[in-house]
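Enquirer: Questions regarding the structure given below will be posed in turn.
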Protein chains: 4
Amino acid sequence: MNEIAALTPTSMQQKLNQWVEHYRQYTNEGACASYIPALKKADLNSLGIYMLSDDGIQLKSGDTEQSFTLQSISKVLSFIHACSSHGISHVLEYVDVEPTGDAFNSIFRLELSHPGRPFNPMINAGAITVASMLPGQSPDEKVDGLLCLIEKMVGRKPRINEEVFLSEWGTANRNRSLAYWLKETGFLLCPVEDAIEVYLRLCSIELCIADMAKIGLLLARDGIQPGTYRHVFSKEIASLTKTLMFTCGMYDYSGRFAAFVGIPAKSGVSGGIMAAIPSGAAMPSNNRPDSGPWGIGVYGPSIDKFGNSIAGVKLLKRLAKEWDFRLL
Amino acid sequence: MNEIAALTPTSMQQKLNQWVEHYRQYTNEGACASYIPALKKADLNSLGIYMLSDDGIQLKSGDTEQSFTLQSISKVLSFIHACSSHGISHVLEYVDVEPTGDAFNSIFRLELSHPGRPFNPMINAGAITVASMLPGQSPDEKVDGLLCLIEKMVGRKPRINEEVFLSEWGTANRNRSLAYWLKETGFLLCPVEDAIEVYLRLCSIELCIADMAKIGLLLARDGIQPGTYRHVFSKEIASLTKTLMFTCGMYDYSGRFAAFVGIPAKSGVSGGIMAAIPSGAAMPSNNRPDSGPWGIGVYGPSIDKFGNSIAGVKLLKRLAKEWDFRLL
Amino acid sequence: MNEIAALTPTSMQQKLNQWVEHYRQYTNEGACASYIPALKKADLNSLGIYMLSDDGIQLKSGDTEQSFTLQSISKVLSFIHACSSHGISHVLEYVDVEPTGDAFNSIFRLELSHPGRPFNPMINAGAITVASMLPGQSPDEKVDGLLCLIEKMVGRKPRINEEVFLSEWGTANRNRSLAYWLKETGFLLCPVEDAIEVYLRLCSIELCIADMAKIGLLLARDGIQPGTYRHVFSKEIASLTKTLMFTCGMYDYSGRFAAFVGIPAKSGVSGGIMAAIPSGAAMPSNNRPDSGPWGIGVYGPSIDKFGNSIAGVKLLKRLAKEWDFRLL
Amino acid sequence: MNEIAALTPTSMQQKLNQWVEHYRQYTNEGACASYIPALKKADLNSLGIYMLSDDGIQLKSGDTEQSFTLQSISKVLSFIHACSSHGISHVLEYVDVEPTGDAFNSIFRLELSHPGRPFNPMINAGAITVASMLPGQSPDEKVDGLLCLIEKMVGRKPRINEEVFLSEWGTANRNRSLAYWLKETGFLLCPVEDAIEVYLRLCSIELCIADMAKIGLLLARDGIQPGTYRHVFSKEIASLTKTLMFTCGMYDYSGRFAAFVGIPAKSGVSGGIMAAIPSGAAMPSNNRPDSGPWGIGVYGPSIDKFGNSIAGVKLLKRLAKEWDFRLL
């Protein structure tokens with residue numbers, strides 16, 4: 001506790017630098033995602049972190065400039081957008097908020113449970129349903145709506161990595177299988193190919209960890225933009241989204257991440273992680289820079305068997321423990 | 001926010017009284033648990049709440065004197081005891097900490113996943129494994145160890161409701177089915193009948209909502225006893241336990257409870273709920289009585305289709321929202 | 001036994017007439033398939049049977065002229081064609097011959113078993129795999145090859161009911177879900193949309209019960225054409241196909257059909273049934289017309305909850321029992 | 001065909017001798033059942049066959065004297081006894097006759113299907129249900145009833161191998177798990193421990209292959225005893241039982257056994273196989289000794305991954321093919 005009390009931005013930055021170098025070695029124990037050909041090209045040993053506090057403190061360390069595709073991190077953004085557009089209760093008619101013990105791309109529960117509503121929007125089935133609900137008639141309109149939301153969040157309209165999109169488009173058999181099943185059971189609200197196109201384009205949006213940190217901070221601030229104090233999305237949506245990140249955000253490792261790291265976060269197989277540290281997560285201590293809220297972006301493309309950045313998870317675990325960021 | 005700032009114990013008490021009377025009407029929409037004969041006798045319309053803060057504030061309303069059996073709430077206590085006795089890492093070799101989308105008494109995942117480790121200690125399979133790990137050679141020793149832990153928590157050694165125990169003992173086919181399966185796969189560490197006896201005796205421990213509030217507060221205080229400042233259990237165990245309550249504590253409704261109520265809680269089919277509100281769950285505001293930590297006990301034996309107190313859930317949802325107790 | 005010994009074609013015909021009229025009343029207890037719009041138009045009360053023996057005896061009764069689409073009966077023909085083209089052992093690398101207890105259009109076992117080979121060619125997943133294996137580069141070539149096989153079997157090239165095909169094409173979400181899953185796991189040997197087109201065109205082939213009887217007789221004769229004594233397909237293929245009809249031919253009712261009717265048969269949701277009575281299925285009795293082999297076609301578009309012609313199953317049960325056609 | 005026509009008992013015996021010696025070498029590719037300790041002691045290289053025809057012809061070759069425990073072969077006998085005692089329709093209220101694609105000792109379908117009736121009496125769940133239905137108040141009475149039935153079949157009351165019984169009794173966790181589940185869902189008609197005792201005692205009945213052949217012949221003769229011409233059980237029961245052997249008799253290999261061997265048979269993990277060749281299974285040819293019916297017993301304790309005698313299956317496949325014993 002005494003040690004924490006002495007924290008300053010400078011001492012935090014020093015720690016971050018040490019930790020990034022320390023955990024970078026674990027990148028050799030994972031591998032870049034192989035099922036999306038374009039992701040294989042990433043630099044296995046990259047590791048970077050970016051932290052942004054409510055007070056405007058920026059801490060960054062390691063490989064911070066690399067942009068990467070969102071992959072499953074986009075599930076958070078499309079869920080926020082769908083809820084903002086249609087209201088939470090309407091969205092939840094088509095996707096539940098229950099964690100599952102199943103793989104992110106699993107289908108069997110859609111068959112075994114009735115009426116087959118996807119269990120949550122953080123698994124592929126649920127995210128495809130959400131993609132199909134986005135406002136707009138065409139895939140372009142749906143995608144553009146989300147890019148506009150991101151522009152409000154990070155200050156610029158991101159690009160879509162066309163190579164990654166095409167790479168995923170050509171290998172999306174399992175997602176198409178999910179989508180056709182959802183269509184059959186009434187949980188897909190646009191044509192299947194449109195939903196897949198939207199879903200995969202959102203997965204292919206390129207951002208960097210500074211952007212991740214901004215989005216994380218926005219969630220931590222209950223949707224209120226720093227500076228303008230305007231709501232980009234409502235507090236209810238922010239709460240629900242953070243809860244889903246906490247219970248289902250880290251693939252099949254979600255329960256253990258909640259247990260051992262203890263912060264709301266969402267990962268993608270590209271190696272990105274976006275985390276939101278709510279105010280008061282740490283013991284309140286008025287003048288401490290670590291009392292939150294914080295937004296955090298991590299990038300480390302070497303992923304573990306669960307699909308999470310192998311070094312990124314270790315880095316967040318260390319940080320959450322040492323700086324008392326755990327929710328519980 | 002202004003309204004919250006004006007909260008005093010008196011105003012909180014008034015609110016509680018209003019809400020208890022308001023939500024009591026919903027008790028008619030549920031029913032007392034029928035699969036355990038002795039539970040059917042409870043008064044359907046009972047509803048009571050007890051809140052205990054770090055500062056010693058006690059708020060209580062409704063039917064506060066009724067004692068009831070813990071049922072699944074005992075899963076929290078046995079998990080704490082097993083972790084205290086063997087260390088977290090040893091316990092987690094036999095039970096994971098992942099939420100599932102399955103029913104609390106489901107078996108199919110034990111067969112379909114390998115090696116069949118129960119997914120978490122809040123479902124029956126996991127709790128039976130935990131019961132089998134409790135220190136002691138005989139069921140009596142195992143149970144007595146837990147009663148001693150509870151004595152440290154609430155100040156007296158509780159009694160076991162023998163009628164309820166016998167009632168459950170005679171109808172425990174499904175739990176025996178789970179236990180024999182676990183025995184076969186190596187996840188039961190004592191004889192099956194011993195494990196079932198221990199498990200069911202723990203389910204039959206009688207406490208009241210004041211006790212629930214004490215235990216909840218102890219969890220909220222990271223295991224540190226008010227007054228003595230001694231650790232009844234470690235901070236790590238407290239964190240892990242609260243996380244499991246948050247992700248898996250409310251049966252098949254756990255994801256929605258996390259999403260819509262947003263506090264760590266564990267329910268039992270007897271209608272009890274034990275909740276822990278960590279410090280800082282609410283926006284920090286120094287002189288406010290609601291800034292936590294709090295422990296909460298609720299009792300309302302009319303349960304919904306998930307097995308949770310139907311009025312209790314509504315009451316906690318109202319309270320968490322109005323007093324900003326949500327974690328996220 | 002005495003009664004059976006006295007059977008003549010004339011007496012058999014009389015019985016058939018009685019039974020058809022008797023069982024026709026049960027058509028009101030079922031309904032025409034509703035999930036394929038074009039099938040809803042069939043005459044609910046139709047019922048007809050056509051039997052063809054090795055000795056050239058033809059017996060027919062009821063509505064014998066109606067043509068209908070094969071639906072799942074086509075699974076038998078495409079399996080025969082794939083085996084004839086590639087050899088049994090090659091085909092079985094992609095589809096197994098095990099019955100399942102699952103629905104015909106189920107997907108979960110493809111996920112839960114590894115490597116996800118469809119369990120048999122009589123369920124949709126297996127039949128889609130088989131369709132993808134048919135010789136030919138394009139869907140047209142694949143379909144035409146099968147039409148040519150049917151021409152050899154029934155003496156004319158059948159037409160495809162374009163209305164039914166288009167109706168199924170527009171509602172094939174679940175089949176597409178299966179096909180994309182199979183593509184992902186390596187059990188689809190042509191593009192998904194091609195496989196679906198072939199599969200659905202084969203389902204839409206129109207034949208009549210006289211054709212069913214010819215095909216059934218050909219199977220009963222181990223693939224040897226009456227008259228020419230040439231093998232349309234090999235004895236091994238005939239044996240394997242009849243076995244699959246016996247163990248998996250009648251949707252979820254297959255086990256009970258084998259148990260209570262006891263003959264190899266394949267049904268379609270259009271209400272057709274094709275059955276093959278091997279020689280010697282009945283007690284051998286030299287001069288009896290019922291000593292087999294026989295081919296049987298039945299049509300009754302009112303189907304039960306399993307997807308089988310409700311009156312057709314009852315008619316076959318009666319006939320198999322009275323004339324001792326049971327295999328076992 | 002010419003070759004078959006020339007078959008005589010002597011030539012058949014010569015063939016059998018050759019084949020037994022040939023297939024004995026495959027015993028090294030399997031292993032004796034290990035999950036029942038007492039079965040591990042069997043002689044891995046044993047292989048014997050015994051054939052008994054309607055005309056009184058006896059053919060035997062290899063290790064014919066060894067007695068062995070029935071294991072799953074007893075499922076056939078208890079099903080016959082239950083049906084004889086209660087009527088087929090009553091028995092089928094508690095156990096269905098559908099094949100499954102699941103492992104013989106699987107439980108998940110009991111949970112996923114409703115109301116959870118076991119799919120067939122050849123899997124453990126179904127056989128435990130059947131054991132619970134046997135006439136008699138106590139396990140002893142239930143078992144004794146079956147021993148009396150066997151006495152009628154083979155001419156002497158068999159003994160129960162107490163060592164094997166005790167060995168299984170001590171390791172029956174998975175069967176107990178199934179039984180408690182069945183109890184919970186109403187598909188067990190006596191106390192769980194009684195059902196398990198009965199089930200395991202029946203598994204531990206010791207017979208030899210001459211007995212298997214007698215029982216197989218009795219099934220092939222529709223339940224009619226040679227000599228007395230009395231029905232030991234009805235033709236309906238014989239038909240149903242043979243059908244179940246054909247569709248579900250050889251564990252997870254049942255579909256392939258039906259497809260590639262093509263005769264009704266039931267195996268046990270002790271390495272025994274009992275088969276029934278109906279009259280007329282082979283092409284009828286009046287003076288041929290192979291025109292059936294036949295009963296066959298095989299013993300070869302080296303089993304494959306499915307639980308079937310590895311050499312026994314190969315021997316039966318050869319014999320069924322060469323002598324045209326296939327049903328279809």
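In the structure tokens, the first chain shown is A, the next is B, and so on; residue numbers restart at 1 for each chain, and ligands run from 1 in the order shown.
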Pick out the residues sitting within 7 Å of C:Tyr23, and hand them over as a PDB file with all heavy atoms, in the first residue's frame; count only C-alpha atoms, and ignore anything fewer than 5 positions along from it in its own chain.
Expert:
ATOM      1  N   ALA C 311     -49.676 -42.697 -43.196  1.00  0.00           N
ATOM      2  CA  ALA C 311     -50.431 -43.882 -43.590  1.00  0.00           C
ATOM      3  C   ALA C 311     -49.495 -44.897 -44.239  1.00  0.00           C
ATOM      4  O   ALA C 311     -49.685 -46.116 -44.096  1.00  0.00           O
ATOM      5  CB  ALA C 311     -51.550 -43.494 -44.546  1.00  0.00           C
ATOM      6  N   LYS C 314     -47.910 -47.192 -41.708  1.00  0.00           N
ATOM      7  CA  LYS C 314     -48.865 -48.167 -41.174  1.00  0.00           C
ATOM      8  C   LYS C 314     -49.160 -49.264 -42.206  1.00  0.00           C
ATOM      9  O   LYS C 314     -49.278 -50.447 -41.862  1.00  0.00           O
ATOM     10  CB  LYS C 314     -50.177 -47.455 -40.795  1.00  0.00           C
ATOM     11  CG  LYS C 314     -50.024 -46.563 -39.575  1.00  0.00           C
ATOM     12  CD  LYS C 314     -51.331 -45.823 -39.263  1.00  0.00           C
ATOM     13  CE  LYS C 314     -51.113 -44.743 -38.219  1.00  0.00           C
ATOM     14  NZ  LYS C 314     -50.730 -45.265 -36.896  1.00  0.00           N
ATOM     15  N   LEU C 315     -49.274 -48.863 -43.445  1.00  0.00           N
ATOM     16  CA  LEU C 315     -49.540 -49.820 -44.514  1.00  0.00           C
ATOM     17  C   LEU C 315     -48.386 -50.815 -44.656  1.00  0.00           C
ATOM     18  O   LEU C 315     -48.594 -52.037 -44.754  1.00  0.00           O
ATOM     19  CB  LEU C 315     -49.743 -49.031 -45.817  1.00  0.00           C
ATOM     20  CG  LEU C 315     -49.998 -49.800 -47.109  1.00  0.00           C
ATOM     21  CD1 LEU C 315     -51.236 -50.679 -46.981  1.00  0.00           C
ATOM     22  CD2 LEU C 315     -50.173 -48.800 -48.270  1.00  0.00           C
TER      23      LEU C 315
END
Enquirer: Using backbone DSSP assignments, extract all alpha helix (DSSP H) residues from stretch 210-326 of chain D; output them as a PyMOL selection string.
Expert: chain D and resi 210-220+235-248+254-260+310-322
Enquirer: Could the residues in this selection be saved with C-alpha atoms as an mmCIF file, in the first residue's frame?
Expert:
data_model
loop_
_atom_site.group_PDB
_atom_site.id
_atom_site.type_symbol
_atom_site.label_atom_id
_atom_site.label_comp_id
_atom_site.auth_asym_id
_atom_site.auth_seq_id
_atom_site.Cartn_x
_atom_site.Cartn_y
_atom_site.Cartn_z
ATOM 1 C CA ALA D 210 -21.292 -73.595 -27.315
ATOM 2 C CA ASP D 211 -23.834 -71.808 -25.130
ATOM 3 C CA MET D 212 -23.595 -68.690 -27.272
ATOM 4 C CA ALA D 213 -24.317 -70.781 -30.326
ATOM 5 C CA LYS D 214 -27.355 -72.331 -28.653
ATOM 6 C CA ILE D 215 -28.743 -68.929 -27.725
ATOM 7 C CA GLY D 216 -28.003 -67.572 -31.182
ATOM 8 C CA LEU D 217 -29.787 -70.509 -32.772
ATOM 9 C CA LEU D 218 -32.757 -70.035 -30.502
ATOM 10 C CA LEU D 219 -32.997 -66.414 -31.650
ATOM 11 C CA ALA D 220 -32.593 -67.489 -35.255
ATOM 12 C CA LYS D 235 -41.420 -64.654 -32.172
ATOM 13 C CA GLU D 236 -42.097 -60.940 -31.638
ATOM 14 C CA ILE D 237 -39.466 -60.778 -28.933
ATOM 15 C CA ALA D 238 -37.030 -62.719 -31.087
ATOM 16 C CA SER D 239 -37.567 -60.362 -34.007
ATOM 17 C CA LEU D 240 -37.166 -57.253 -31.928
ATOM 18 C CA THR D 241 -34.082 -58.586 -30.183
ATOM 19 C CA LYS D 242 -32.366 -59.587 -33.415
ATOM 20 C CA THR D 243 -33.179 -56.191 -34.876
ATOM 21 C CA LEU D 244 -31.571 -54.476 -31.904
ATOM 22 C CA MET D 245 -28.527 -56.722 -32.216
ATOM 23 C CA PHE D 246 -28.312 -55.737 -35.867
ATOM 24 C CA THR D 247 -28.693 -51.999 -35.340
ATOM 25 C CA CYS D 248 -26.970 -51.558 -31.955
ATOM 26 C CA SER D 254 -22.611 -51.300 -34.844
ATOM 27 C CA GLY D 255 -23.324 -49.440 -38.059
ATOM 28 C CA ARG D 256 -20.165 -50.664 -39.685
ATOM 29 C CA PHE D 257 -20.713 -54.216 -38.454
ATOM 30 C CA ALA D 258 -24.184 -54.170 -39.998
ATOM 31 C CA ALA D 259 -22.711 -52.721 -43.179
ATOM 32 C CA PHE D 260 -19.642 -54.906 -43.531
ATOM 33 C CA ILE D 310 -10.671 -57.917 -32.759
ATOM 34 C CA ALA D 311 -10.144 -61.313 -34.360
ATOM 35 C CA GLY D 312 -13.739 -62.335 -33.799
ATOM 36 C CA VAL D 313 -15.090 -59.508 -35.917
ATOM 37 C CA LYS D 314 -12.701 -60.349 -38.736
ATOM 38 C CA LEU D 315 -13.606 -64.029 -38.545
ATOM 39 C CA LEU D 316 -17.325 -63.296 -38.682
ATOM 40 C CA LYS D 317 -16.845 -60.901 -41.567
ATOM 41 C CA ARG D 318 -15.012 -63.558 -43.590
ATOM 42 C CA LEU D 319 -17.513 -66.242 -42.807
ATOM 43 C CA ALA D 320 -20.562 -64.045 -43.507
ATOM 44 C CA LYS D 321 -19.115 -63.059 -46.825
ATOM 45 C CA GLU D 322 -17.915 -66.429 -48.010
#
Enquirer: Give me, as a VMD selection string, the contact residues of chain C against chain A at a cut-off of 6 Å, counting only C-alpha atoms.
Expert: chain C and resid 108 173 to 174 177 180 to 181 184
Enquirer: Can you list, as an mmCIF file with all heavy atoms, in the first residue's frame, every protein, DNA or RNA residue that comes within 6 Å of D:Met274 when you count only C-alpha atoms, leaving out same-chain residues fewer than 6 positions away?
Expert:
data_model
loop_
_atom_site.group_PDB
_atom_site.id
_atom_site.type_symbol
_atom_site.label_atom_id
_atom_site.label_comp_id
_atom_site.auth_asym_id
_atom_site.auth_seq_id
_atom_site.Cartn_x
_atom_site.Cartn_y
_atom_site.Cartn_z
ATOM 1 N N MET D 212 -23.287 -69.834 -26.388
ATOM 2 C CA MET D 212 -23.595 -68.690 -27.272
ATOM 3 C C MET D 212 -24.289 -69.177 -28.538
ATOM 4 O O MET D 212 -25.247 -68.584 -29.024
ATOM 5 C CB MET D 212 -22.298 -67.975 -27.713
ATOM 6 C CG MET D 212 -21.468 -67.337 -26.640
ATOM 7 S SD MET D 212 -22.208 -65.836 -25.996
ATOM 8 C CE MET D 212 -22.863 -66.523 -24.488
ATOM 9 N N ALA D 265 -25.701 -59.525 -34.207
ATOM 10 C CA ALA D 265 -24.716 -60.056 -33.263
ATOM 11 C C ALA D 265 -24.618 -59.129 -32.067
ATOM 12 O O ALA D 265 -24.941 -57.946 -32.154
ATOM 13 C CB ALA D 265 -23.351 -60.183 -33.936
ATOM 14 N N LYS D 266 -24.221 -59.686 -30.942
ATOM 15 C CA LYS D 266 -23.978 -58.864 -29.748
ATOM 16 C C LYS D 266 -22.646 -59.269 -29.150
ATOM 17 O O LYS D 266 -22.377 -60.460 -28.969
ATOM 18 C CB LYS D 266 -25.101 -59.076 -28.720
ATOM 19 C CG LYS D 266 -24.954 -58.216 -27.466
ATOM 20 C CD LYS D 266 -25.280 -56.753 -27.737
ATOM 21 C CE LYS D 266 -24.700 -55.766 -26.718
ATOM 22 N NZ LYS D 266 -23.294 -55.404 -27.032
ATOM 23 N N ILE D 296 -24.238 -68.798 -33.616
ATOM 24 C CA ILE D 296 -22.776 -68.759 -33.597
ATOM 25 C C ILE D 296 -22.282 -68.162 -32.284
ATOM 26 O O ILE D 296 -22.830 -67.153 -31.812
ATOM 27 C CB ILE D 296 -22.211 -67.916 -34.765
ATOM 28 C CG1 ILE D 296 -22.727 -68.446 -36.109
ATOM 29 C CG2 ILE D 296 -20.687 -67.905 -34.749
ATOM 30 C CD1 ILE D 296 -22.194 -67.675 -37.320
ATOM 31 N N GLY D 297 -21.270 -68.789 -31.711
ATOM 32 C CA GLY D 297 -20.557 -68.209 -30.583
ATOM 33 C C GLY D 297 -19.100 -68.011 -30.937
ATOM 34 O O GLY D 297 -18.500 -68.877 -31.582
#
Enquirer: Using only C-alpha atoms, which residues sit within 6 Å of stretch 42-49 of chain B once same-chain residues fewer than 3 positions away are excluded, as a list in words?
Expert: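 Listed by chain and then number, they are Thr27, Leu39, Lys60, Ser61, Gly62, Asp63, Thr64, Gly297, Val298, Tyr299, Gly300, Pro301 and Ser302 of chain B.
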Enquirer: Which of these residues is nearest to D:Val143, using only C-alpha atoms: D:His86, D:His81, D:Lys40, D:His114?
Expert: D:His81
Enquirer: Show which residues sit within 7 Å of B:Cys208, as a list in words. Count only C-alpha atoms, and ignore same-chain residues fewer than 4 positions away.
Expert: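 Residues near the query, excluding close chain neighbours: Glu65, Gln66, Ser67, Phe68 and Met212 of chain B.
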Enquirer: Output C-alpha atoms for every residue in that selection, as an mmCIF file, in the first residue's frame.
Expert:
data_model
loop_
_atom_site.group_PDB
_atom_site.id
_atom_site.type_symbol
_atom_site.label_atom_id
_atom_site.label_comp_id
_atom_site.auth_asym_id
_atom_site.auth_seq_id
_atom_site.Cartn_x
_atom_site.Cartn_y
_atom_site.Cartn_z
ATOM 1 C CA GLU B 65 -35.647 -12.954 11.829
ATOM 2 C CA GLN B 66 -36.335 -16.034 9.772
ATOM 3 C CA SER B 67 -33.483 -18.504 9.555
ATOM 4 C CA PHE B 68 -33.168 -20.555 6.399
ATOM 5 C CA MET B 212 -25.441 -13.297 5.274
#
Enquirer: I'd like the neighbourhood of C:Pro135 as a compact mmCIF listing (two decimals) with C-alpha atoms, in the first residue's frame, where a residue qualifies if any of its atoms comes within 8 Å (using only C-alpha atoms), though same-chain residues fewer than 3 positions away should be ignored.
Expert:
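And here's out30.txt as it stands now:
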# COMPACT_ATOMS: atom_id res chain seq x y z
CA ALA C 82 -21.01 -41.88 -55.56
CA SER C 85 -18.11 -43.71 -59.33
CA GLU C 141 -22.91 -32.38 -64.72
CA LYS C 142 -23.30 -33.83 -61.26
CA GLY C 145 -24.99 -38.08 -64.00
Enquirer: Which of stretch 94-302 of chain D end up as strand (DSSP E or B) when DSSP is run on this backbone - answer as a compact mmCIF listing (two decimals) with N, CA, C and O atoms, in the first residue's frame?
Expert:
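Once written, states39.txt looks like this:
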# COMPACT_ATOMS: atom_id res chain seq x y z
N ILE D 160 -22.12 -67.58 -11.78
CA ILE D 160 -21.68 -66.19 -11.87
C ILE D 160 -20.25 -66.11 -11.38
O ILE D 160 -19.92 -66.68 -10.34
N ILE D 205 -22.11 -63.42 -15.57
CA ILE D 205 -22.52 -64.80 -15.86
C ILE D 205 -21.50 -65.44 -16.80
O ILE D 205 -21.11 -64.83 -17.78
N GLU D 206 -21.12 -66.65 -16.45
CA GLU D 206 -20.12 -67.34 -17.27
C GLU D 206 -20.76 -68.36 -18.19
O GLU D 206 -21.50 -69.24 -17.74
N LEU D 207 -20.46 -68.24 -19.45
CA LEU D 207 -20.91 -69.23 -20.42
C LEU D 207 -19.73 -69.55 -21.35
O LEU D 207 -18.65 -68.97 -21.21
N CYS D 208 -19.94 -70.47 -22.26
CA CYS D 208 -18.91 -70.76 -23.25
C CYS D 208 -19.51 -70.61 -24.64
O CYS D 208 -20.70 -70.34 -24.78
N ILE D 224 -38.05 -70.64 -30.78
CA ILE D 224 -38.54 -72.03 -30.66
C ILE D 224 -37.39 -72.99 -30.41
O ILE D 224 -36.41 -73.04 -31.17
N HIS D 231 -41.88 -72.59 -27.50
CA HIS D 231 -41.36 -71.23 -27.50
C HIS D 231 -40.71 -70.92 -26.15
O HIS D 231 -41.40 -70.90 -25.13
N ALA D 265 -25.70 -59.53 -34.21
CA ALA D 265 -24.72 -60.06 -33.26
C ALA D 265 -24.62 -59.13 -32.07
O ALA D 265 -24.94 -57.95 -32.15
N LYS D 266 -24.22 -59.69 -30.94
CA LYS D 266 -23.98 -58.86 -29.75
C LYS D 266 -22.65 -59.27 -29.15
O LYS D 266 -22.38 -60.46 -28.97
N SER D 267 -21.85 -58.27 -28.83
CA SER D 267 -20.53 -58.53 -28.28
C SER D 267 -20.45 -58.09 -26.83
O SER D 267 -21.29 -57.34 -26.34
N GLY D 272 -16.44 -62.03 -26.07
CA GLY D 272 -17.44 -62.93 -26.63
C GLY D 272 -18.30 -62.22 -27.66
O GLY D 272 -18.49 -61.01 -27.60
N ILE D 273 -18.80 -63.00 -28.61
CA ILE D 273 -19.80 -62.51 -29.57
C ILE D 273 -20.84 -63.62 -29.76
O ILE D 273 -20.47 -64.78 -29.91
N MET D 274 -22.09 -63.23 -29.71
CA MET D 274 -23.16 -64.17 -29.98
C MET D 274 -23.90 -63.69 -31.21
O MET D 274 -24.30 -62.53 -31.28
N ALA D 275 -24.05 -64.57 -32.22
CA ALA D 275 -24.70 -64.16 -33.46
C ALA D 275 -25.80 -65.13 -33.84
O ALA D 275 -25.76 -66.32 -33.50
N ALA D 276 -26.81 -64.58 -34.52
CA ALA D 276 -27.95 -65.38 -34.95
C ALA D 276 -28.12 -65.21 -36.45
O ALA D 276 -28.30 -64.09 -36.92
N ILE D 277 -28.04 -66.31 -37.18
CA ILE D 277 -28.20 -66.24 -38.64
C ILE D 277 -29.58 -66.77 -38.97
O ILE D 277 -29.83 -67.97 -38.84
N TRP D 294 -28.66 -70.55 -38.20
CA TRP D 294 -27.49 -70.92 -37.43
C TRP D 294 -27.41 -70.06 -36.17
O TRP D 294 -27.81 -68.90 -36.18
N GLY D 295 -26.82 -70.63 -35.15
CA GLY D 295 -26.38 -69.84 -34.01
C GLY D 295 -24.86 -69.90 -33.96
O GLY D 295 -24.27 -70.95 -34.26
N ILE D 296 -24.24 -68.80 -33.62
CA ILE D 296 -22.78 -68.76 -33.60
C ILE D 296 -22.28 -68.16 -32.28
O ILE D 296 -22.83 -67.15 -31.81
N GLY D 297 -21.27 -68.79 -31.71
CA GLY D 297 -20.56 -68.21 -30.58
C GLY D 297 -19.10 -68.01 -30.94
O GLY D 297 -18.50 -68.88 -31.58
N VAL D 298 -18.56 -66.86 -30.57
CA VAL D 298 -17.15 -66.58 -30.83
C VAL D 298 -16.54 -66.10 -29.53
O VAL D 298 -17.20 -65.40 -28.75
N TYR D 299 -15.31 -66.46 -29.28
CA TYR D 299 -14.59 -65.91 -28.13
C TYR D 299 -13.17 -65.54 -28.53
O TYR D 299 -12.44 -66.37 -29.10
Enquirer: Can you list, as a list in words, every protein, DNA or RNA residue that comes within 12 Å of B:Pro37 when you count only C-alpha atoms, leaving out same-chain residues fewer than 4 positions away?
Expert: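 My list of contacting residues is Cys32, Ala33, Lys41, Ala42, Glu163, Val164, Phe165, Leu166, Ser167, Glu168, Trp169, Gly170, Thr171, Ala172 and Ser270 of chain B.
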Enquirer: Grab the atom CA of C:Pro293 to atom CA of C:Leu327 distance for me, in Å with one decimal place.
Expert: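 Straight-line distance from atom CA of C:Pro293 to atom CA of C:Leu327 works out to 11.7 Å.
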Enquirer: Distance atom CA of C:Asn161-atom CA of C:Phe104, one decimal place?
Expert: 22.7 Å
Enquirer: Interatomic distance between atom CA of C:Gly227 and atom CA of C:Pro158?
Expert: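 Taking atom CA of C:Gly227 as the start and atom CA of C:Pro158 as the end point, the length is 21.2 Å.
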